[in-house]
file my_file_18.txt (compact mmCIF, C-alpha atoms)
# COMPACT_ATOMS: atom_id res chain seq x y z
CA MET O 1 -40.63 42.79 -40.64
CA SER O 2 -40.80 41.38 -37.10
CA VAL O 3 -39.08 43.03 -34.13
CA GLY O 4 -36.54 40.22 -34.09
CA GLY O 5 -35.84 40.76 -37.79
CA LEU O 6 -35.34 44.50 -37.24
CA VAL O 7 -32.91 43.82 -34.37
CA LYS O 8 -30.89 41.44 -36.52
CA GLN O 9 -30.85 43.92 -39.39
CA GLY O 10 -29.58 46.64 -37.07
CA ILE O 11 -26.83 44.39 -35.69
CA ARG O 12 -25.66 43.54 -39.20
CA ARG O 13 -25.68 47.19 -40.22
CA TRP O 14 -23.97 48.65 -37.13
CA ARG O 15 -21.71 45.77 -36.12
CA ARG O 16 -18.56 47.92 -36.41
CA ARG O 17 -19.81 50.46 -33.86
CA PRO O 18 -18.23 50.17 -30.37
CA PRO O 19 -21.43 49.34 -28.43
CA PHE O 20 -22.21 46.47 -30.77
CA ARG O 21 -18.63 45.19 -30.68
CA MET O 22 -18.71 45.27 -26.88
CA LEU O 23 -22.03 43.41 -26.85
CA ALA O 24 -20.60 40.74 -29.16
CA ALA O 25 -17.57 40.29 -26.87
CA ALA O 26 -19.84 39.96 -23.84
CA CYS O 27 -21.98 37.39 -25.65
CA GLU O 28 -18.89 35.39 -26.59
CA ALA O 29 -17.70 35.37 -22.97
CA TYR O 30 -21.15 34.17 -21.92
CA LEU O 31 -21.08 31.35 -24.48
CA GLN O 32 -17.60 30.25 -23.42
CA ALA O 33 -18.94 29.79 -19.90
CA TRP O 34 -22.21 28.29 -21.16
CA TYR O 35 -20.30 25.58 -23.05
CA ASN O 36 -17.74 25.06 -20.27
CA GLU O 37 -15.17 25.87 -22.94
CA GLU O 38 -11.41 25.52 -22.37
CA TYR O 39 -11.87 25.17 -18.61
CA PHE O 40 -9.02 22.95 -17.53
CA ASP O 41 -9.36 23.04 -13.73
CA PHE O 42 -9.85 19.33 -13.05
CA GLU O 43 -11.58 19.81 -9.71
CA LYS O 44 -14.09 22.35 -11.07
CA ASN O 45 -14.64 21.62 -14.78
CA GLY O 46 -16.63 18.40 -14.28
CA GLU O 47 -13.88 15.79 -14.61
CA ALA O 48 -13.74 15.22 -10.86
CA PHE O 49 -17.55 15.07 -10.80
CA ALA O 50 -17.62 12.44 -13.59
CA LEU O 51 -15.06 10.26 -11.81
CA ALA O 52 -16.97 10.56 -8.53
CA ARG O 53 -20.22 9.50 -10.20
CA PHE O 54 -18.48 6.60 -11.92
CA ALA O 55 -17.01 5.56 -8.55
CA ALA O 56 -20.50 5.65 -7.02
CA TRP O 57 -21.76 3.42 -9.83
CA ALA O 58 -18.82 1.01 -9.44
CA ASP O 59 -19.55 0.85 -5.69
CA GLY O 60 -16.14 -0.44 -4.67
CA ARG O 61 -15.90 -3.10 -7.38
CA PRO O 62 -12.47 -3.51 -8.96
CA VAL O 63 -12.64 -1.90 -12.37
CA THR O 64 -10.26 -1.34 -15.26
CA ILE O 65 -9.55 2.10 -16.65
CA TRP O 66 -7.77 2.97 -19.89
CA ASP O 67 -6.20 6.42 -19.89
CA VAL O 68 -5.47 7.10 -23.57
CA GLY O 69 -3.26 10.16 -23.78
CA GLY O 70 -1.64 9.55 -20.40
CA HIS O 71 0.80 12.48 -20.52
CA HIS O 72 2.66 12.51 -17.17
CA GLY O 73 0.03 10.47 -15.34
CA GLU O 74 -1.91 13.35 -13.78
CA TRP O 75 -5.37 12.15 -14.80
CA SER O 76 -4.65 8.53 -13.88
CA GLN O 77 -3.47 9.67 -10.44
CA ALA O 78 -6.75 11.54 -9.94
CA ALA O 79 -8.67 8.45 -11.05
CA HIS O 80 -6.75 6.28 -8.57
CA GLU O 81 -7.55 8.64 -5.71
CA ARG O 82 -11.26 8.24 -6.40
CA LEU O 83 -11.19 4.59 -7.41
CA PRO O 84 -8.39 2.98 -5.37
CA ALA O 85 -9.49 -0.53 -6.36
CA ALA O 86 -9.15 0.24 -10.07
CA HIS O 87 -6.23 -0.75 -12.26
CA VAL O 88 -5.27 1.94 -14.76
CA HIS O 89 -3.64 1.25 -18.11
CA SER O 90 -2.00 4.51 -19.15
CA PHE O 91 -1.26 4.87 -22.88
CA GLU O 92 1.31 7.60 -23.65
CA ILE O 93 2.38 7.68 -27.28
CA ILE O 94 5.77 9.43 -26.86
CA PRO O 95 8.19 6.99 -25.20
CA GLU O 96 10.23 9.71 -23.48
CA VAL O 97 7.08 11.15 -21.91
CA ALA O 98 5.80 7.69 -20.97
CA ALA O 99 9.09 7.02 -19.16
CA ARG O 100 8.35 9.95 -16.81
CA ILE O 101 5.11 8.42 -15.49
CA PRO O 102 5.92 7.14 -11.99
CA PRO O 103 5.69 3.35 -11.66
CA THR O 104 3.01 2.14 -9.24
CA PRO O 105 1.34 -1.22 -8.53
CA TRP O 106 -2.05 0.12 -9.61
CA ARG O 107 -0.94 1.52 -12.98
CA THR O 108 0.53 -0.13 -16.07
CA VAL O 109 2.19 2.23 -18.53
CA HIS O 110 2.14 1.49 -22.26
CA ALA O 111 4.56 3.54 -24.36
CA LEU O 112 2.29 3.56 -27.38
CA GLY O 113 -0.85 5.21 -28.66
CA LEU O 114 -4.17 3.91 -29.92
CA SER O 115 -5.44 4.47 -33.44
CA GLU O 116 -7.61 2.95 -36.17
CA GLU O 117 -4.76 0.73 -37.38
CA ALA O 118 -1.66 -0.75 -35.75
CA GLY O 119 1.70 0.54 -36.95
CA ALA O 120 3.63 3.78 -36.52
CA VAL O 121 2.70 7.45 -36.84
CA ASP O 122 4.47 10.81 -36.70
CA VAL O 123 3.70 12.79 -33.55
CA HIS O 124 4.42 16.51 -33.27
CA TRP O 125 5.99 17.16 -29.88
CA SER O 126 5.80 20.80 -28.83
CA ALA O 127 8.83 22.13 -27.00
CA VAL O 128 6.66 24.87 -25.48
CA ASP O 129 3.84 22.80 -23.99
CA ASP O 130 3.87 19.02 -24.26
CA THR O 131 0.20 18.77 -23.29
CA CYS O 132 -0.51 19.59 -26.95
CA ASN O 133 1.48 16.78 -28.57
CA SER O 134 -0.54 15.66 -31.56
CA ILE O 135 -0.62 13.49 -34.65
CA SER O 136 -2.59 16.29 -36.34
CA PRO O 137 -1.37 19.44 -34.55
CA ARG O 138 -3.01 22.85 -34.50
CA THR O 139 0.09 24.45 -36.02
CA GLU O 140 -1.44 27.95 -35.94
CA THR O 141 -1.71 27.99 -32.14
CA PRO O 142 0.98 29.59 -29.94
CA TYR O 143 2.03 26.14 -28.69
CA PHE O 144 3.43 25.23 -32.09
CA ALA O 145 3.99 28.68 -33.62
CA ALA O 146 6.30 29.81 -30.80
CA ALA O 147 8.87 27.06 -31.36
CA PRO O 148 9.48 24.30 -33.91
CA ALA O 149 7.92 20.98 -32.98
CA GLN O 150 9.99 17.84 -32.87
CA VAL O 151 8.50 15.07 -34.98
CA VAL O 152 8.75 11.66 -33.32
CA ARG O 153 7.89 8.34 -34.93
CA CYS O 154 5.72 6.46 -32.43
CA ALA O 155 4.03 3.07 -32.20
CA VAL O 156 0.25 2.68 -32.21
CA ALA O 157 -2.08 -0.27 -31.70
CA THR O 158 -5.85 -0.59 -31.96
CA GLY O 159 -8.10 -0.74 -28.96
CA ASP O 160 -9.51 -4.02 -30.25
CA GLU O 161 -6.00 -5.47 -30.38
CA MET O 162 -5.17 -4.29 -26.85
CA ALA O 163 -8.46 -5.65 -25.51
CA GLY O 164 -7.18 -9.07 -26.52
CA ARG O 165 -3.97 -8.56 -24.52
CA ILE O 166 -5.15 -6.79 -21.37
CA ALA O 167 -8.40 -6.36 -19.46
CA PRO O 168 -10.88 -4.24 -21.44
CA PRO O 169 -11.87 -0.92 -19.86
CA ASP O 170 -14.91 -0.24 -17.75
CA LEU O 171 -13.96 3.43 -18.14
CA LEU O 172 -12.23 4.67 -21.29
CA LYS O 173 -10.77 8.17 -21.17
CA ILE O 174 -9.43 9.66 -24.42
CA ASP O 175 -7.49 12.92 -24.65
CA THR O 176 -5.48 12.67 -27.87
CA GLU O 177 -5.55 16.21 -29.28
CA GLY O 178 -7.85 15.54 -32.21
CA HIS O 179 -7.19 11.83 -32.71
CA GLU O 180 -10.23 10.73 -30.69
CA ALA O 181 -12.23 9.53 -33.72
CA SER O 182 -9.33 7.35 -34.85
CA VAL O 183 -9.01 5.85 -31.36
CA LEU O 184 -12.72 4.97 -31.34
CA SER O 185 -12.51 3.61 -34.91
CA GLY O 186 -9.94 1.12 -33.66
CA CYS O 187 -12.27 0.04 -30.82
CA GLN O 188 -15.35 -0.87 -32.86
CA GLY O 189 -15.19 -4.57 -32.03
CA LEU O 190 -14.84 -3.80 -28.33
CA LEU O 191 -17.62 -1.19 -28.38
CA ALA O 192 -20.02 -3.63 -30.03
CA SER O 193 -19.27 -6.43 -27.56
CA ASP O 194 -20.60 -7.25 -24.11
CA ARG O 195 -17.24 -6.01 -22.76
CA ALA O 196 -17.84 -2.46 -23.99
CA PRO O 197 -16.89 0.35 -21.57
CA ALA O 198 -19.68 1.55 -19.31
CA MET O 199 -18.40 5.11 -19.65
CA ILE O 200 -16.22 6.95 -22.15
CA GLN O 201 -14.84 10.44 -21.57
CA PHE O 202 -13.34 12.16 -24.59
CA GLU O 203 -12.26 15.62 -25.60
CA TYR O 204 -13.94 17.54 -28.42
CA GLY O 205 -13.19 20.95 -29.93
CA THR O 206 -10.82 22.87 -32.18
CA THR O 207 -8.33 20.00 -31.90
CA TYR O 208 -10.57 18.11 -34.36
CA ILE O 209 -10.12 20.62 -37.18
CA PRO O 210 -6.63 19.60 -38.43
CA SER O 211 -7.66 15.94 -38.63
CA GLY O 212 -11.00 16.74 -40.29
CA SER O 213 -12.99 15.04 -37.53
CA THR O 214 -16.44 16.06 -36.33
CA LEU O 215 -18.65 15.36 -33.34
CA ARG O 216 -21.13 13.83 -35.78
CA GLU O 217 -18.51 11.20 -36.61
CA ILE O 218 -18.03 10.45 -32.90
CA TYR O 219 -21.76 9.91 -32.37
CA ARG O 220 -21.78 7.45 -35.28
CA LEU O 221 -18.87 5.56 -33.73
CA LEU O 222 -20.79 5.16 -30.46
CA PRO O 223 -24.01 3.30 -31.26
CA GLY O 224 -25.89 2.31 -28.13
CA TYR O 225 -24.32 5.09 -26.07
CA GLU O 226 -25.93 8.28 -24.83
CA VAL O 227 -23.60 11.21 -25.36
CA GLY O 228 -23.44 14.64 -23.76
CA ARG O 229 -21.20 17.53 -22.89
CA LEU O 230 -19.59 17.57 -19.44
CA TYR O 231 -20.27 20.46 -17.06
CA PRO O 232 -19.12 21.04 -13.46
CA ASP O 233 -22.07 19.16 -11.92
CA HIS O 234 -23.82 17.29 -14.74
CA VAL O 235 -23.63 15.87 -18.23
CA ALA O 236 -26.06 17.40 -20.73
CA PHE O 237 -27.03 14.28 -22.68
CA LYS O 238 -28.70 14.93 -26.03
CA PRO O 239 -29.05 13.50 -29.55
CA TYR O 240 -26.66 14.94 -32.10
CA ALA O 241 -27.64 18.10 -34.00
CA TYR O 242 -25.54 19.86 -36.64
CA ALA O 243 -25.32 22.93 -34.38
CA ASP O 244 -23.39 20.79 -31.87
CA ASP O 245 -20.36 20.85 -34.18
CA HIS O 246 -19.26 24.26 -32.90
CA PHE O 247 -15.71 23.09 -32.05
CA ARG O 248 -15.77 24.66 -28.60
CA LEU O 249 -13.08 22.80 -26.67
CA GLY O 250 -14.30 20.71 -23.76
CA ASN O 251 -15.01 17.20 -22.52
CA MET O 252 -17.81 14.88 -23.59
CA VAL O 253 -19.14 11.77 -21.88
CA ALA O 254 -20.78 8.68 -23.37
CA VAL O 255 -22.50 6.04 -21.22
CA LYS O 256 -24.46 2.80 -21.59
CA PRO O 257 -25.86 1.76 -18.16
CA ALA O 258 -29.09 3.57 -17.28
CA ARG O 259 -28.12 3.95 -13.61
CA LEU O 260 -24.80 5.56 -14.50
CA ARG O 261 -26.57 7.94 -16.88
CA ALA O 262 -28.96 8.91 -14.09
CA LEU O 263 -26.03 9.59 -11.74
CA LEU O 264 -24.39 11.85 -14.31
CA ALA O 265 -27.41 13.71 -15.69
call {"tool": "encode", "arguments": {"input": "my_file_18.txt", "output": "structure tokens"}}
result
Amino acid sequence: MSVGGLVKQGIRRWRRRPPFRMLAAACEAYLQAWYNEEYFDFEKNGEAFALARFAAWADGRPVTIWDVGGHHGEWSQAAHERLPAAHVHSFEIIPEVAARIPPTPWRTVHALGLSEEAGAVDVHWSAVDDTCNSISPRTETPYFAAAPAQVVRCAVATGDEMAGRIAPPDLLKIDTEGHEASVLSGCQGLLASDRAPAMIQFEYGTTYIPSGSTLREIYRLLPGYEVGRLYPDHVAFKPYAYADDHFRLGNMVAVKPARLRALLA
């Protein structure tokens, strides 16, 4: 047996011993940092970097941004600060939350969500932390286990439908707590057209498990795009591999223009 095989055999045999448990915990902490997992500091986790690179690519041109999963407007405000010439369409599925987004000339608020079909869906609204509102909630997490969630019937449209009503996005940001694949499914006409977004930022991770979504599905919904995980100062573009479906929560970026890819890589 090789040295590597002997090491693995020893780890399997002695995994309950304290030194091995400590080593496993240290390795997990390393991997959380390696994958930029659950790092929500906007200025440091890569989101500010991605917007800055997109702004450099746009070079002052007026662009349209769709913020799908607008929450209280925090992300759209950050986008406006970096792209003051942009108009942001903020989609917040829960009407009461959408009503809290401050009105501004540069932002249009839509009190509806995006999905694969137009209609209405039930959204679980956490009383503990409304950043985790979801159509397919992670009910085992503290956000939903600590207090009963209110179920709200909310309107949804497709991205293709909205692209016929308003300006299509140059930048599409999706943070819908596991509903990202459904949002992209409803944008297939737009994504295949010459009006397709230059850049798409979307969340991926454990939020996909309740809905049964995978990163593999997302790659298939984005033909013609290069896709990679977002880090503080780069995007690690790569073809899909089964090992990429590790459900470590973080942001992904998909791009079409070669120059924008080069700015992000």
call {"tool": "closest_residue", "arguments": {"input": "my_file_18.txt", "among": "O:Ile65, O:Val152, O:Ala55, O:Ala98", "to": "O:Ala167", "atoms": "only C-alpha atoms"}}
result
O:Ile65
call {"tool": "residues_near_point", "arguments": {"input": "my_file_18.txt", "point": "(-24.8, 18.8, -10.6)", "cutoff": "10 Å", "atoms": "all atoms listed in the file", "output": "list in words"}}
result
Gly46, Phe49, Tyr231, Pro232, Asp233, His234, Val235, Leu263, Leu264 and Ala265 of chain O
call {"tool": "residues_near_point", "arguments": {"input": "my_file_18.txt", "point": "(8.0, 12.2, -39.4)", "cutoff": "10 Å", "atoms": "all atoms listed in the file", "output": "list in words"}}
result
Ala120, Val121, Asp122, Val123, His124, Ile135, Gln150, Val151, Val152, Arg153 and Cys154 of chain O
call {"tool": "atom_distance", "arguments": {"input": "my_file_18.txt", "atom1": "atom CA of O:Phe40", "atom2": "atom CA of O:Met252"}}
result
13.4 Å
call {"tool": "atom_distance", "arguments": {"input": "my_file_18.txt", "atom1": "atom CA of O:Glu217", "atom2": "atom CA of O:Ser185"}}
result
9.8 Å
call {"tool": "closest_residue", "arguments": {"input": "my_file_18.txt", "among": "O:Tyr208, O:Trp57, O:Trp66, O:Tyr39", "to": "O:His89", "atoms": "all atoms listed in the file"}}
result
O:Trp66
call {"tool": "closest_residue", "arguments": {"input": "my_file_18.txt", "among": "O:Pro223, O:Phe42, O:Pro105, O:Gly60", "to": "O:Glu74", "atoms": "all atoms listed in the file"}}
result
O:Phe42
call {"tool": "atom_distance", "arguments": {"input": "my_file_18.txt", "atom1": "atom CA of O:Ala111", "atom2": "atom CA of O:Val156"}}
result
9.0 Å
call {"tool": "residues_around", "arguments": {"input": "my_file_18.txt", "residues": "stretch 21-34 of chain O", "least_positions_apart": "2", "cutoff": "12 Å", "atoms": "only C-alpha atoms", "output": "ChimeraX atom specification"}}
result
/O:11-12,14-19,36-39,45,229-232,236,246-250
call {"tool": "closest_residue", "arguments": {"input": "my_file_18.txt", "among": "O:Gly178, O:Gly73, O:Pro84, O:Pro102", "to": "O:Tyr204", "atoms": "only C-alpha atoms"}}
result
O:Gly178
call {"tool": "closest_residue", "arguments": {"input": "my_file_18.txt", "among": "O:Ile200, O:Leu260, O:Ile209, O:Val97", "to": "O:Ile174", "atoms": "only C-alpha atoms"}}
result
O:Ile200
call {"tool": "closest_residue", "arguments": {"input": "my_file_18.txt", "among": "O:Phe20, O:Tyr35, O:Tyr242, O:Phe237", "to": "O:Gly205", "atoms": "only C-alpha atoms"}}
result
O:Tyr35
call {"tool": "residues_around", "arguments": {"input": "my_file_18.txt", "residues": "O:Pro257", "least_positions_apart": "2", "cutoff": "9 Å", "atoms": "only C-alpha atoms", "output": "PyMOL selection string"}}
result
chain O and resi 198-199+225+255+259-262
call {"tool": "build_atoms", "arguments": {"input": "my_file_18.txt", "residues": "stretch 235-247 of chain O", "atoms": "N, CA and C atoms", "output": "mmCIF file, in the frame of the given file"}}
result
data_model
loop_
_atom_site.group_PDB
_atom_site.id
_atom_site.type_symbol
_atom_site.label_atom_id
_atom_site.label_comp_id
_atom_site.auth_asym_id
_atom_site.auth_seq_id
_atom_site.Cartn_x
_atom_site.Cartn_y
_atom_site.Cartn_z
ATOM 1 N N VAL O 235 -23.871 16.092 -16.803
ATOM 2 C CA VAL O 235 -23.630 15.870 -18.230
ATOM 3 C C VAL O 235 -24.933 16.178 -18.953
ATOM 4 N N ALA O 236 -24.864 17.022 -19.971
ATOM 5 C CA ALA O 236 -26.060 17.400 -20.730
ATOM 6 C C ALA O 236 -26.217 16.442 -21.912
ATOM 7 N N PHE O 237 -26.838 15.290 -21.639
ATOM 8 C CA PHE O 237 -27.030 14.280 -22.680
ATOM 9 C C PHE O 237 -28.051 14.788 -23.707
ATOM 10 N N LYS O 238 -27.774 14.533 -24.979
ATOM 11 C CA LYS O 238 -28.700 14.930 -26.030
ATOM 12 C C LYS O 238 -28.360 14.217 -27.330
ATOM 13 N N PRO O 239 -29.353 14.021 -28.211
ATOM 14 C CA PRO O 239 -29.050 13.500 -29.550
ATOM 15 C C PRO O 239 -28.224 14.525 -30.328
ATOM 16 N N TYR O 240 -27.500 14.041 -31.312
ATOM 17 C CA TYR O 240 -26.660 14.940 -32.100
ATOM 18 C C TYR O 240 -27.512 15.880 -32.959
ATOM 19 N N ALA O 241 -27.077 17.129 -33.069
ATOM 20 C CA ALA O 241 -27.640 18.100 -34.000
ATOM 21 C C ALA O 241 -26.466 18.809 -34.676
ATOM 22 N N TYR O 242 -26.643 19.232 -35.912
ATOM 23 C CA TYR O 242 -25.540 19.860 -36.640
ATOM 24 C C TYR O 242 -24.953 21.044 -35.873
ATOM 25 N N ALA O 243 -25.799 21.774 -35.141
ATOM 26 C CA ALA O 243 -25.320 22.930 -34.380
ATOM 27 C C ALA O 243 -24.350 22.533 -33.280
ATOM 28 N N ASP O 244 -24.315 21.240 -32.906
ATOM 29 C CA ASP O 244 -23.390 20.790 -31.870
ATOM 30 C C ASP O 244 -21.950 20.766 -32.347
ATOM 31 N N ASP O 245 -21.728 20.818 -33.662
ATOM 32 C CA ASP O 245 -20.360 20.850 -34.180
ATOM 33 C C ASP O 245 -19.873 22.302 -34.233
ATOM 34 N N HIS O 246 -19.716 22.879 -33.037
ATOM 35 C CA HIS O 246 -19.260 24.260 -32.900
ATOM 36 C C HIS O 246 -17.769 24.340 -32.556
ATOM 37 N N PHE O 247 -17.143 23.195 -32.319
ATOM 38 C CA PHE O 247 -15.710 23.090 -32.050
ATOM 39 C C PHE O 247 -15.268 23.872 -30.816
#
